[in-house]
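A.B. asks: Dropping a structure here in structure tokens format, bear with me for questions.
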Amino acid sequence: MTTQFNRLDLNLLRVFDAVMEERSVLRAGQRICLSQSAVSHALARLREMLGDELFVRTAAGMQPTARALAMAPLIREAWKSLETAIGPPRFEPGRSARRFTIAVSDFVTMVMVPDLLRLLTQEAPFVDLVIRPDCRIDLTEQIDLGLIDAAIGTFPDVPARFRSSSLFAYDDVLIAHSSRKLGRLSLEALSGLSIAAVSLHGEHEGLVNGFVSERGLARRSEMYDRAALEQAFAGSQRGPRIAISLSHFLALHALLEDTELAAIVPRPLARSLARIHPLSTYELPYKTNLADVGVLWHERNTNDAPQQWLREVLRRATGSLRATPACFPSAAMRPSPPATSIARFVAPISSRAGEVAGA
């Protein structure tokens, strides 16, 4: 970079550009809110620095020299670039070919991603989405390195450099194959069941009270309220047996079909599974705490326009999940779920809703 450029006052280029457009010192001053004398003084400084007249006063106005004509398009482009650089960030999802990477569990994938894909198809058809399992990676490091744009889960403890926002909350219900008629569940009836449950991280050495903590970030691993279950049977000699603990929900419906197992699962997942598998949903005979599911991101991306759009579309994709948890209506009363076409992304699946036995 030359000494001459280091001494350059960018305001002189702003004056040059205005005079080039208006071909008048008076009109240029009015355009950029400077007096006529201030514009003349700025031109004099620029002429001295460049060793060229730049503009010659004629009866037809200020006529640019050859040097000025050569400079003008380059300065105009540079000025536009500066305005873009310091102006408010913009993101046009309809034209963007950006790829976003989010870390989620298979539970969140099932209950949220279909609506998310529908929104992307409508609003951002060229945006690509990469979904990574949140239990198989060092999530904190991946977010720090910028390899993960956002993570979705239950995060009770968040490092100071991260930010989070709530998306939806859920409680637990019990599901079983529709061929079984469990009726209204009581603690006694529940105590005789063999239960399947999901712990995303398995027998992780850092697992405490259903949560795993890595590098200051705590996230929920056990996908049922173990504490509420244990408290409900605290005074009993017999409680339900956790017969199998899985690290994901993918095989759960098959296990319920081929065995005498029942499963305690998040309510939104029970609703989704019952749409495509012959399953019945039962209210638990004890109260479970609401688990808050939120989106997590690095603080450096808080004001980044593409990331802001991503978080906003994630919130809209979970809008149907923010309803207050309540007992399922009976099968006769429950309306058929609206059909959501995601054929562009997945093959169609035949479905049959199971009956529901509730309170």
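Scheme for the structure tokens: letters A, B, ... for chains in order shown; per-chain residue numbers from 1; ligand numbers from 1 in order shown.
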Find the spatial neighbours of A:Gln237, counting only C-alpha atoms, within a cut-off of 12 Å - ignore same-chain residues fewer than 2 positions away - and output them as a ChimeraX atom specification.

C.D. replies: /A:187-188,191-192,230,232-235,239-240

A.B. asks: Mind checking which residues fall within 10 Å of A:Thr101, counting only C-alpha atoms, ignoring those fewer than 6 positions away in the same chain, and posting them as a short mmCIF file (atom, residue, chain, number, x, y, z; two decimals) with N, CA and C atoms, in the first residue's frame?

C.D. replies:
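Final output, saved to out-v2.cif:
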```cif
data_model
loop_
_atom_site.label_atom_id
_atom_site.label_comp_id
_atom_site.auth_asym_id
_atom_site.auth_seq_id
_atom_site.Cartn_x
_atom_site.Cartn_y
_atom_site.Cartn_z
N ASP A 128 -29.33 -26.19 1.27
CA ASP A 128 -29.14 -27.59 1.63
C ASP A 128 -29.05 -27.73 3.14
N LEU A 129 -29.50 -28.87 3.63
CA LEU A 129 -29.52 -29.12 5.07
C LEU A 129 -28.75 -30.40 5.37
N VAL A 130 -27.82 -30.32 6.29
CA VAL A 130 -27.07 -31.49 6.77
C VAL A 130 -27.49 -31.73 8.21
N ILE A 131 -27.97 -32.93 8.51
CA ILE A 131 -28.39 -33.29 9.86
C ILE A 131 -27.41 -34.29 10.43
N ARG A 132 -26.84 -33.94 11.57
CA ARG A 132 -25.88 -34.82 12.23
C ARG A 132 -26.41 -35.24 13.59
N GLY A 146 -17.24 -23.97 14.15
CA GLY A 146 -18.13 -23.53 13.09
C GLY A 146 -18.60 -24.65 12.19
N LEU A 147 -18.40 -25.90 12.59
CA LEU A 147 -18.83 -27.05 11.79
C LEU A 147 -20.30 -27.38 12.01
N ILE A 148 -20.85 -26.89 13.12
CA ILE A 148 -22.26 -27.03 13.43
C ILE A 148 -22.85 -25.63 13.54
N ASP A 149 -23.89 -25.35 12.76
CA ASP A 149 -24.53 -24.03 12.83
C ASP A 149 -25.45 -23.93 14.03
N ALA A 150 -26.15 -25.00 14.35
CA ALA A 150 -27.08 -24.98 15.47
C ALA A 150 -27.28 -26.41 15.97
N ALA A 151 -27.56 -26.53 17.25
CA ALA A 151 -27.89 -27.82 17.83
C ALA A 151 -29.24 -27.69 18.51
#
```

A.B. asks: Can you work out which one of A:Arg238, A:Arg57, A:Arg315, A:Lys80 has the shortest atom-to-atom distance to A:Arg23, counting only C-alpha atoms?

C.D. replies: A:Arg57

A.B. asks: Choose the residue, out of A:Met62, A:Leu8, A:Leu182, A:Ala70, that has the smallest atom-to-atom separation from A:Ala28; count only C-alpha atoms.

C.D. replies: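 Checking each candidate against A:Ala28, we get A:Met62 as the closest.
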
A.B. asks: For A:Pro268, please output as a ChimeraX atom specification all residues within 12 Å (counting only C-alpha atoms; exclusion window: fewer than 2 positions along the same chain).

C.D. replies: /A:107-112,168-175,264-266,270-275,281,291,293,318,320-328

A.B. asks: Show which residues sit within 6 Å of A:Gln36, as a list in words. Count only C-alpha atoms, and ignore same-chain residues fewer than 3 positions away.

C.D. replies: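 Using only C-alpha atoms, the neighbours found are Leu26, Gly29 and Val39 of chain A.
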
A.B. asks: Could you save the residues just selected, with C-alpha atoms, as an mmCIF file, in the first residue's frame?

C.D. replies:
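Final output, selection30.cif:
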```cif
data_model
loop_
_atom_site.group_PDB
_atom_site.id
_atom_site.type_symbol
_atom_site.label_atom_id
_atom_site.label_comp_id
_atom_site.auth_asym_id
_atom_site.auth_seq_id
_atom_site.Cartn_x
_atom_site.Cartn_y
_atom_site.Cartn_z
ATOM 1 C CA LEU A 26 -23.435 23.060 -6.367
ATOM 2 C CA GLY A 29 -22.824 19.572 -2.485
ATOM 3 C CA VAL A 39 -16.863 20.583 -2.248
#
```

A.B. asks: Could you give me, as a PDB file with C-alpha atoms, in the first residue's frame, the residues within 10 Å of A:Glu53, counting only C-alpha atoms and dropping anything in the same chain fewer than 4 positions from it?

C.D. replies:
```pdb
ATOM      1  CA  LEU A  43     -11.628  18.730  -5.064  1.00  0.00           C
ATOM      2  CA  ALA A  44      -8.567  20.965  -4.634  1.00  0.00           C
ATOM      3  CA  LEU A  46      -7.726  15.559  -4.411  1.00  0.00           C
ATOM      4  CA  ARG A  47      -6.259  17.370  -7.420  1.00  0.00           C
ATOM      5  CA  GLU A  48      -3.106  18.146  -5.476  1.00  0.00           C
ATOM      6  CA  PRO A  64     -14.046  15.155 -16.332  1.00  0.00           C
ATOM      7  CA  THR A  65     -10.522  14.693 -17.544  1.00  0.00           C
ATOM      8  CA  ALA A  66      -9.290  11.406 -18.994  1.00  0.00           C
ATOM      9  CA  ARG A  67      -7.866  10.511 -15.579  1.00  0.00           C
ATOM     10  CA  ALA A  68     -11.232  11.164 -13.924  1.00  0.00           C
TER      11      ALA A  68
END
```

A.B. asks: Taking the DSSP secondary structure from the backbone, can you list the residues of stretch 150-310 of chain A that are strand (DSSP E), as a PDB file with N, CA, C and O atoms, in the first residue's frame?

C.D. replies:
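Once written, result18.pdb looks like this:
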```
ATOM      1  N   ALA A 150     -26.149 -24.997  14.353  1.00  0.00           N
ATOM      2  CA  ALA A 150     -27.079 -24.981  15.472  1.00  0.00           C
ATOM      3  C   ALA A 150     -27.284 -26.406  15.965  1.00  0.00           C
ATOM      4  O   ALA A 150     -27.179 -27.360  15.196  1.00  0.00           O
ATOM      5  N   ALA A 151     -27.556 -26.528  17.246  1.00  0.00           N
ATOM      6  CA  ALA A 151     -27.886 -27.820  17.835  1.00  0.00           C
ATOM      7  C   ALA A 151     -29.243 -27.687  18.514  1.00  0.00           C
ATOM      8  O   ALA A 151     -29.579 -26.631  19.053  1.00  0.00           O
ATOM      9  N   ILE A 152     -30.014 -28.755  18.473  1.00  0.00           N
ATOM     10  CA  ILE A 152     -31.343 -28.735  19.075  1.00  0.00           C
ATOM     11  C   ILE A 152     -31.418 -29.846  20.114  1.00  0.00           C
ATOM     12  O   ILE A 152     -31.086 -31.002  19.834  1.00  0.00           O
ATOM     13  N   GLY A 153     -31.818 -29.491  21.315  1.00  0.00           N
ATOM     14  CA  GLY A 153     -31.904 -30.461  22.390  1.00  0.00           C
ATOM     15  C   GLY A 153     -32.289 -29.777  23.683  1.00  0.00           C
ATOM     16  O   GLY A 153     -32.705 -28.617  23.704  1.00  0.00           O
ATOM     17  N   PHE A 162     -21.957 -19.503  24.384  1.00  0.00           N
ATOM     18  CA  PHE A 162     -23.080 -20.013  23.595  1.00  0.00           C
ATOM     19  C   PHE A 162     -24.351 -19.257  23.946  1.00  0.00           C
ATOM     20  O   PHE A 162     -24.472 -18.673  25.033  1.00  0.00           O
ATOM     21  N   ARG A 163     -25.311 -19.296  23.047  1.00  0.00           N
ATOM     22  CA  ARG A 163     -26.628 -18.713  23.274  1.00  0.00           C
ATOM     23  C   ARG A 163     -27.677 -19.774  22.971  1.00  0.00           C
ATOM     24  O   ARG A 163     -27.426 -20.695  22.190  1.00  0.00           O
ATOM     25  N   SER A 164     -28.844 -19.656  23.578  1.00  0.00           N
ATOM     26  CA  SER A 164     -29.903 -20.624  23.325  1.00  0.00           C
ATOM     27  C   SER A 164     -31.255 -19.938  23.375  1.00  0.00           C
ATOM     28  O   SER A 164     -31.418 -18.875  23.969  1.00  0.00           O
ATOM     29  N   SER A 165     -32.227 -20.577  22.731  1.00  0.00           N
ATOM     30  CA  SER A 165     -33.597 -20.066  22.698  1.00  0.00           C
ATOM     31  C   SER A 165     -34.551 -21.256  22.682  1.00  0.00           C
ATOM     32  O   SER A 165     -34.310 -22.256  21.992  1.00  0.00           O
ATOM     33  N   SER A 166     -35.636 -21.162  23.441  1.00  0.00           N
ATOM     34  CA  SER A 166     -36.579 -22.263  23.565  1.00  0.00           C
ATOM     35  C   SER A 166     -37.377 -22.458  22.278  1.00  0.00           C
ATOM     36  O   SER A 166     -37.766 -21.490  21.614  1.00  0.00           O
ATOM     37  N   LEU A 167     -37.634 -23.713  21.928  1.00  0.00           N
ATOM     38  CA  LEU A 167     -38.448 -24.058  20.762  1.00  0.00           C
ATOM     39  C   LEU A 167     -39.783 -24.684  21.169  1.00  0.00           C
ATOM     40  O   LEU A 167     -40.834 -24.266  20.705  1.00  0.00           O
ATOM     41  N   PHE A 168     -39.749 -25.706  22.025  1.00  0.00           N
ATOM     42  CA  PHE A 168     -40.979 -26.333  22.497  1.00  0.00           C
ATOM     43  C   PHE A 168     -40.665 -27.140  23.750  1.00  0.00           C
ATOM     44  O   PHE A 168     -39.494 -27.333  24.103  1.00  0.00           O
ATOM     45  N   ALA A 169     -41.712 -27.604  24.425  1.00  0.00           N
ATOM     46  CA  ALA A 169     -41.546 -28.425  25.616  1.00  0.00           C
ATOM     47  C   ALA A 169     -42.444 -29.654  25.489  1.00  0.00           C
ATOM     48  O   ALA A 169     -43.423 -29.639  24.742  1.00  0.00           O
ATOM     49  N   TYR A 170     -42.101 -30.695  26.212  1.00  0.00           N
ATOM     50  CA  TYR A 170     -42.899 -31.919  26.135  1.00  0.00           C
ATOM     51  C   TYR A 170     -42.873 -32.652  27.472  1.00  0.00           C
ATOM     52  O   TYR A 170     -41.990 -32.442  28.307  1.00  0.00           O
ATOM     53  N   ASP A 172     -43.940 -36.844  29.130  1.00  0.00           N
ATOM     54  CA  ASP A 172     -43.806 -38.251  28.731  1.00  0.00           C
ATOM     55  C   ASP A 172     -45.166 -38.947  28.682  1.00  0.00           C
ATOM     56  O   ASP A 172     -46.094 -38.611  29.441  1.00  0.00           O
ATOM     57  N   VAL A 173     -45.268 -39.935  27.814  1.00  0.00           N
ATOM     58  CA  VAL A 173     -46.421 -40.833  27.764  1.00  0.00           C
ATOM     59  C   VAL A 173     -45.895 -42.248  27.567  1.00  0.00           C
ATOM     60  O   VAL A 173     -44.701 -42.453  27.317  1.00  0.00           O
ATOM     61  N   LEU A 174     -46.801 -43.214  27.659  1.00  0.00           N
ATOM     62  CA  LEU A 174     -46.428 -44.607  27.423  1.00  0.00           C
ATOM     63  C   LEU A 174     -47.078 -45.080  26.136  1.00  0.00           C
ATOM     64  O   LEU A 174     -48.238 -44.751  25.857  1.00  0.00           O
ATOM     65  N   ILE A 175     -46.328 -45.822  25.333  1.00  0.00           N
ATOM     66  CA  ILE A 175     -46.877 -46.397  24.113  1.00  0.00           C
ATOM     67  C   ILE A 175     -46.702 -47.911  24.140  1.00  0.00           C
ATOM     68  O   ILE A 175     -45.775 -48.437  24.745  1.00  0.00           O
ATOM     69  N   ALA A 176     -47.636 -48.591  23.479  1.00  0.00           N
ATOM     70  CA  ALA A 176     -47.582 -50.049  23.361  1.00  0.00           C
ATOM     71  C   ALA A 176     -48.255 -50.432  22.054  1.00  0.00           C
ATOM     72  O   ALA A 176     -48.978 -49.624  21.445  1.00  0.00           O
ATOM     73  N   HIS A 177     -48.016 -51.663  21.612  1.00  0.00           N
ATOM     74  CA  HIS A 177     -48.639 -52.120  20.372  1.00  0.00           C
ATOM     75  C   HIS A 177     -50.159 -52.132  20.535  1.00  0.00           C
ATOM     76  O   HIS A 177     -50.693 -52.440  21.600  1.00  0.00           O
ATOM     77  N   SER A 194     -42.838 -54.415  31.369  1.00  0.00           N
ATOM     78  CA  SER A 194     -41.423 -54.321  30.989  1.00  0.00           C
ATOM     79  C   SER A 194     -41.286 -53.129  30.045  1.00  0.00           C
ATOM     80  O   SER A 194     -41.986 -53.045  29.029  1.00  0.00           O
ATOM     81  N   ILE A 195     -40.390 -52.226  30.379  1.00  0.00           N
ATOM     82  CA  ILE A 195     -40.318 -50.937  29.702  1.00  0.00           C
ATOM     83  C   ILE A 195     -39.063 -50.846  28.836  1.00  0.00           C
ATOM     84  O   ILE A 195     -37.970 -51.255  29.245  1.00  0.00           O
ATOM     85  N   ALA A 196     -39.223 -50.274  27.649  1.00  0.00           N
ATOM     86  CA  ALA A 196     -38.091 -49.872  26.819  1.00  0.00           C
ATOM     87  C   ALA A 196     -37.917 -48.364  26.967  1.00  0.00           C
ATOM     88  O   ALA A 196     -38.900 -47.620  26.973  1.00  0.00           O
ATOM     89  N   ALA A 197     -36.697 -47.929  27.120  1.00  0.00           N
ATOM     90  CA  ALA A 197     -36.404 -46.500  27.254  1.00  0.00           C
ATOM     91  C   ALA A 197     -35.183 -46.174  26.415  1.00  0.00           C
ATOM     92  O   ALA A 197     -34.416 -47.057  26.029  1.00  0.00           O
ATOM     93  N   VAL A 198     -35.016 -44.885  26.144  1.00  0.00           N
ATOM     94  CA  VAL A 198     -33.908 -44.439  25.285  1.00  0.00           C
ATOM     95  C   VAL A 198     -32.978 -43.538  26.077  1.00  0.00           C
ATOM     96  O   VAL A 198     -33.414 -42.583  26.740  1.00  0.00           O
ATOM     97  N   LEU A 207     -22.648 -39.352  32.679  1.00  0.00           N
ATOM     98  CA  LEU A 207     -24.096 -39.275  32.816  1.00  0.00           C
ATOM     99  C   LEU A 207     -24.464 -39.065  34.278  1.00  0.00           C
ATOM    100  O   LEU A 207     -24.134 -39.871  35.142  1.00  0.00           O
ATOM    101  N   VAL A 208     -25.165 -37.960  34.583  1.00  0.00           N
ATOM    102  CA  VAL A 208     -25.602 -37.640  35.937  1.00  0.00           C
ATOM    103  C   VAL A 208     -27.056 -37.200  35.871  1.00  0.00           C
ATOM    104  O   VAL A 208     -27.390 -36.229  35.179  1.00  0.00           O
ATOM    105  N   PHE A 211     -28.447 -36.579  32.457  1.00  0.00           N
ATOM    106  CA  PHE A 211     -27.794 -35.596  31.598  1.00  0.00           C
ATOM    107  C   PHE A 211     -26.305 -35.926  31.466  1.00  0.00           C
ATOM    108  O   PHE A 211     -25.696 -36.467  32.396  1.00  0.00           O
ATOM    109  N   VAL A 212     -25.753 -35.604  30.318  1.00  0.00           N
ATOM    110  CA  VAL A 212     -24.329 -35.785  30.100  1.00  0.00           C
ATOM    111  C   VAL A 212     -23.704 -34.411  29.909  1.00  0.00           C
ATOM    112  O   VAL A 212     -24.300 -33.518  29.291  1.00  0.00           O
ATOM    113  N   SER A 213     -22.527 -34.211  30.485  1.00  0.00           N
ATOM    114  CA  SER A 213     -21.861 -32.909  30.412  1.00  0.00           C
ATOM    115  C   SER A 213     -20.490 -33.074  29.769  1.00  0.00           C
ATOM    116  O   SER A 213     -19.711 -33.951  30.161  1.00  0.00           O
ATOM    117  N   GLU A 214     -20.217 -32.239  28.759  1.00  0.00           N
ATOM    118  CA  GLU A 214     -18.931 -32.243  28.061  1.00  0.00           C
ATOM    119  C   GLU A 214     -18.496 -30.804  27.827  1.00  0.00           C
ATOM    120  O   GLU A 214     -19.243 -30.010  27.252  1.00  0.00           O
ATOM    121  N   LEU A 217     -20.958 -28.026  28.598  1.00  0.00           N
ATOM    122  CA  LEU A 217     -22.292 -28.085  28.009  1.00  0.00           C
ATOM    123  C   LEU A 217     -23.005 -29.342  28.499  1.00  0.00           C
ATOM    124  O   LEU A 217     -22.567 -30.455  28.233  1.00  0.00           O
ATOM    125  N   ALA A 218     -24.106 -29.160  29.228  1.00  0.00           N
ATOM    126  CA  ALA A 218     -24.913 -30.287  29.691  1.00  0.00           C
ATOM    127  C   ALA A 218     -26.103 -30.454  28.747  1.00  0.00           C
ATOM    128  O   ALA A 218     -26.730 -29.479  28.334  1.00  0.00           O
ATOM    129  N   ARG A 219     -26.399 -31.690  28.384  1.00  0.00           N
ATOM    130  CA  ARG A 219     -27.539 -31.972  27.510  1.00  0.00           C
ATOM    131  C   ARG A 219     -28.231 -33.234  27.965  1.00  0.00           C
ATOM    132  O   ARG A 219     -27.608 -34.138  28.536  1.00  0.00           O
ATOM    133  N   ARG A 220     -29.515 -33.300  27.697  1.00  0.00           N
ATOM    134  CA  ARG A 220     -30.289 -34.440  28.158  1.00  0.00           C
ATOM    135  C   ARG A 220     -29.923 -35.683  27.356  1.00  0.00           C
ATOM    136  O   ARG A 220     -29.847 -35.658  26.136  1.00  0.00           O
ATOM    137  N   ARG A 241     -39.993 -52.575  35.223  1.00  0.00           N
ATOM    138  CA  ARG A 241     -38.615 -52.978  34.910  1.00  0.00           C
ATOM    139  C   ARG A 241     -38.175 -52.308  33.609  1.00  0.00           C
ATOM    140  O   ARG A 241     -38.863 -52.392  32.595  1.00  0.00           O
ATOM    141  N   ILE A 242     -37.035 -51.606  33.653  1.00  0.00           N
ATOM    142  CA  ILE A 242     -36.447 -51.071  32.424  1.00  0.00           C
ATOM    143  C   ILE A 242     -35.719 -52.237  31.762  1.00  0.00           C
ATOM    144  O   ILE A 242     -34.554 -52.519  32.052  1.00  0.00           O
ATOM    145  N   ALA A 243     -36.437 -52.925  30.893  1.00  0.00           N
ATOM    146  CA  ALA A 243     -35.924 -54.166  30.326  1.00  0.00           C
ATOM    147  C   ALA A 243     -34.862 -53.923  29.267  1.00  0.00           C
ATOM    148  O   ALA A 243     -33.968 -54.757  29.061  1.00  0.00           O
ATOM    149  N   ILE A 244     -34.963 -52.821  28.571  1.00  0.00           N
ATOM    150  CA  ILE A 244     -33.982 -52.524  27.530  1.00  0.00           C
ATOM    151  C   ILE A 244     -33.794 -51.022  27.431  1.00  0.00           C
ATOM    152  O   ILE A 244     -34.750 -50.254  27.509  1.00  0.00           O
ATOM    153  N   SER A 245     -32.546 -50.602  27.299  1.00  0.00           N
ATOM    154  CA  SER A 245     -32.204 -49.199  27.109  1.00  0.00           C
ATOM    155  C   SER A 245     -31.523 -49.057  25.749  1.00  0.00           C
ATOM    156  O   SER A 245     -30.507 -49.716  25.484  1.00  0.00           O
ATOM    157  N   LEU A 246     -32.106 -48.230  24.903  1.00  0.00           N
ATOM    158  CA  LEU A 246     -31.600 -48.034  23.541  1.00  0.00           C
ATOM    159  C   LEU A 246     -30.901 -46.687  23.428  1.00  0.00           C
ATOM    160  O   LEU A 246     -31.167 -45.759  24.208  1.00  0.00           O
ATOM    161  N   LEU A 261     -43.046 -55.610  25.283  1.00  0.00           N
ATOM    162  CA  LEU A 261     -42.543 -54.356  25.824  1.00  0.00           C
ATOM    163  C   LEU A 261     -43.548 -53.217  25.637  1.00  0.00           C
ATOM    164  O   LEU A 261     -44.343 -53.204  24.693  1.00  0.00           O
ATOM    165  N   ALA A 262     -43.473 -52.246  26.535  1.00  0.00           N
ATOM    166  CA  ALA A 262     -44.077 -50.929  26.345  1.00  0.00           C
ATOM    167  C   ALA A 262     -42.917 -49.931  26.419  1.00  0.00           C
ATOM    168  O   ALA A 262     -41.790 -50.302  26.767  1.00  0.00           O
ATOM    169  N   ALA A 263     -43.160 -48.680  26.079  1.00  0.00           N
ATOM    170  CA  ALA A 263     -42.070 -47.707  26.082  1.00  0.00           C
ATOM    171  C   ALA A 263     -42.554 -46.366  26.617  1.00  0.00           C
ATOM    172  O   ALA A 263     -43.693 -45.952  26.359  1.00  0.00           O
ATOM    173  N   ILE A 264     -41.705 -45.704  27.368  1.00  0.00           N
ATOM    174  CA  ILE A 264     -41.967 -44.334  27.817  1.00  0.00           C
ATOM    175  C   ILE A 264     -41.211 -43.397  26.881  1.00  0.00           C
ATOM    176  O   ILE A 264     -39.980 -43.505  26.747  1.00  0.00           O
ATOM    177  N   VAL A 265     -41.949 -42.517  26.236  1.00  0.00           N
ATOM    178  CA  VAL A 265     -41.359 -41.670  25.194  1.00  0.00           C
ATOM    179  C   VAL A 265     -41.900 -40.250  25.301  1.00  0.00           C
ATOM    180  O   VAL A 265     -42.935 -40.013  25.943  1.00  0.00           O
ATOM    181  N   PRO A 266     -41.241 -39.275  24.648  1.00  0.00           N
ATOM    182  CA  PRO A 266     -41.788 -37.919  24.582  1.00  0.00           C
ATOM    183  C   PRO A 266     -43.145 -37.912  23.868  1.00  0.00           C
ATOM    184  O   PRO A 266     -43.347 -38.640  22.889  1.00  0.00           O
ATOM    185  N   LEU A 279     -49.824 -48.311  17.039  1.00  0.00           N
ATOM    186  CA  LEU A 279     -49.455 -48.087  18.433  1.00  0.00           C
ATOM    187  C   LEU A 279     -50.587 -47.371  19.163  1.00  0.00           C
ATOM    188  O   LEU A 279     -51.303 -46.559  18.578  1.00  0.00           O
ATOM    189  N   SER A 280     -50.729 -47.667  20.434  1.00  0.00           N
ATOM    190  CA  SER A 280     -51.661 -46.962  21.309  1.00  0.00           C
ATOM    191  C   SER A 280     -50.874 -46.126  22.301  1.00  0.00           C
ATOM    192  O   SER A 280     -49.780 -46.515  22.732  1.00  0.00           O
ATOM    193  N   THR A 281     -51.432 -44.996  22.670  1.00  0.00           N
ATOM    194  CA  THR A 281     -50.777 -44.075  23.593  1.00  0.00           C
ATOM    195  C   THR A 281     -51.577 -44.001  24.891  1.00  0.00           C
ATOM    196  O   THR A 281     -52.804 -43.896  24.870  1.00  0.00           O
ATOM    197  N   TYR A 282     -50.872 -44.041  26.029  1.00  0.00           N
ATOM    198  CA  TYR A 282     -51.505 -44.044  27.338  1.00  0.00           C
ATOM    199  C   TYR A 282     -50.905 -42.932  28.205  1.00  0.00           C
ATOM    200  O   TYR A 282     -49.684 -42.730  28.219  1.00  0.00           O
ATOM    201  N   ALA A 291     -39.855 -31.119  29.643  1.00  0.00           N
ATOM    202  CA  ALA A 291     -38.483 -30.961  29.144  1.00  0.00           C
ATOM    203  C   ALA A 291     -38.498 -29.872  28.080  1.00  0.00           C
ATOM    204  O   ALA A 291     -39.281 -29.940  27.125  1.00  0.00           O
ATOM    205  N   ASP A 292     -37.674 -28.869  28.251  1.00  0.00           N
ATOM    206  CA  ASP A 292     -37.621 -27.753  27.305  1.00  0.00           C
ATOM    207  C   ASP A 292     -36.598 -28.052  26.215  1.00  0.00           C
ATOM    208  O   ASP A 292     -35.431 -28.310  26.511  1.00  0.00           O
ATOM    209  N   VAL A 293     -37.029 -28.028  24.976  1.00  0.00           N
ATOM    210  CA  VAL A 293     -36.146 -28.252  23.831  1.00  0.00           C
ATOM    211  C   VAL A 293     -35.829 -26.899  23.207  1.00  0.00           C
ATOM    212  O   VAL A 293     -36.740 -26.129  22.874  1.00  0.00           O
ATOM    213  N   GLY A 294     -34.550 -26.615  23.067  1.00  0.00           N
ATOM    214  CA  GLY A 294     -34.135 -25.319  22.537  1.00  0.00           C
ATOM    215  C   GLY A 294     -33.100 -25.456  21.437  1.00  0.00           C
ATOM    216  O   GLY A 294     -32.546 -26.529  21.198  1.00  0.00           O
ATOM    217  N   VAL A 295     -32.848 -24.344  20.770  1.00  0.00           N
ATOM    218  CA  VAL A 295     -31.811 -24.277  19.749  1.00  0.00           C
ATOM    219  C   VAL A 295     -30.599 -23.582  20.354  1.00  0.00           C
ATOM    220  O   VAL A 295     -30.725 -22.578  21.056  1.00  0.00           O
ATOM    221  N   LEU A 296     -29.422 -24.120  20.088  1.00  0.00           N
ATOM    222  CA  LEU A 296     -28.168 -23.642  20.669  1.00  0.00           C
ATOM    223  C   LEU A 296     -27.242 -23.193  19.557  1.00  0.00           C
ATOM    224  O   LEU A 296     -27.136 -23.855  18.528  1.00  0.00           O
ATOM    225  N   TRP A 297     -26.552 -22.046  19.759  1.00  0.00           N
ATOM    226  CA  TRP A 297     -25.616 -21.556  18.753  1.00  0.00           C
ATOM    227  C   TRP A 297     -24.488 -20.786  19.433  1.00  0.00           C
ATOM    228  O   TRP A 297     -24.577 -20.441  20.612  1.00  0.00           O
ATOM    229  N   HIS A 298     -23.440 -20.506  18.680  1.00  0.00           N
ATOM    230  CA  HIS A 298     -22.312 -19.745  19.210  1.00  0.00           C
ATOM    231  C   HIS A 298     -22.643 -18.257  19.180  1.00  0.00           C
ATOM    232  O   HIS A 298     -23.277 -17.769  18.250  1.00  0.00           O
TER     233      HIS A 298
END
```

A.B. asks: In terms of the shortest atom-to-atom distance over only C-alpha atoms, which of A:His248, A:Glu299, A:Thr58, A:Ser199 is closest to A:Pro159?

C.D. replies: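 When distances to A:Pro159 are compared using only C-alpha atoms, the smallest one comes from A:Glu299.
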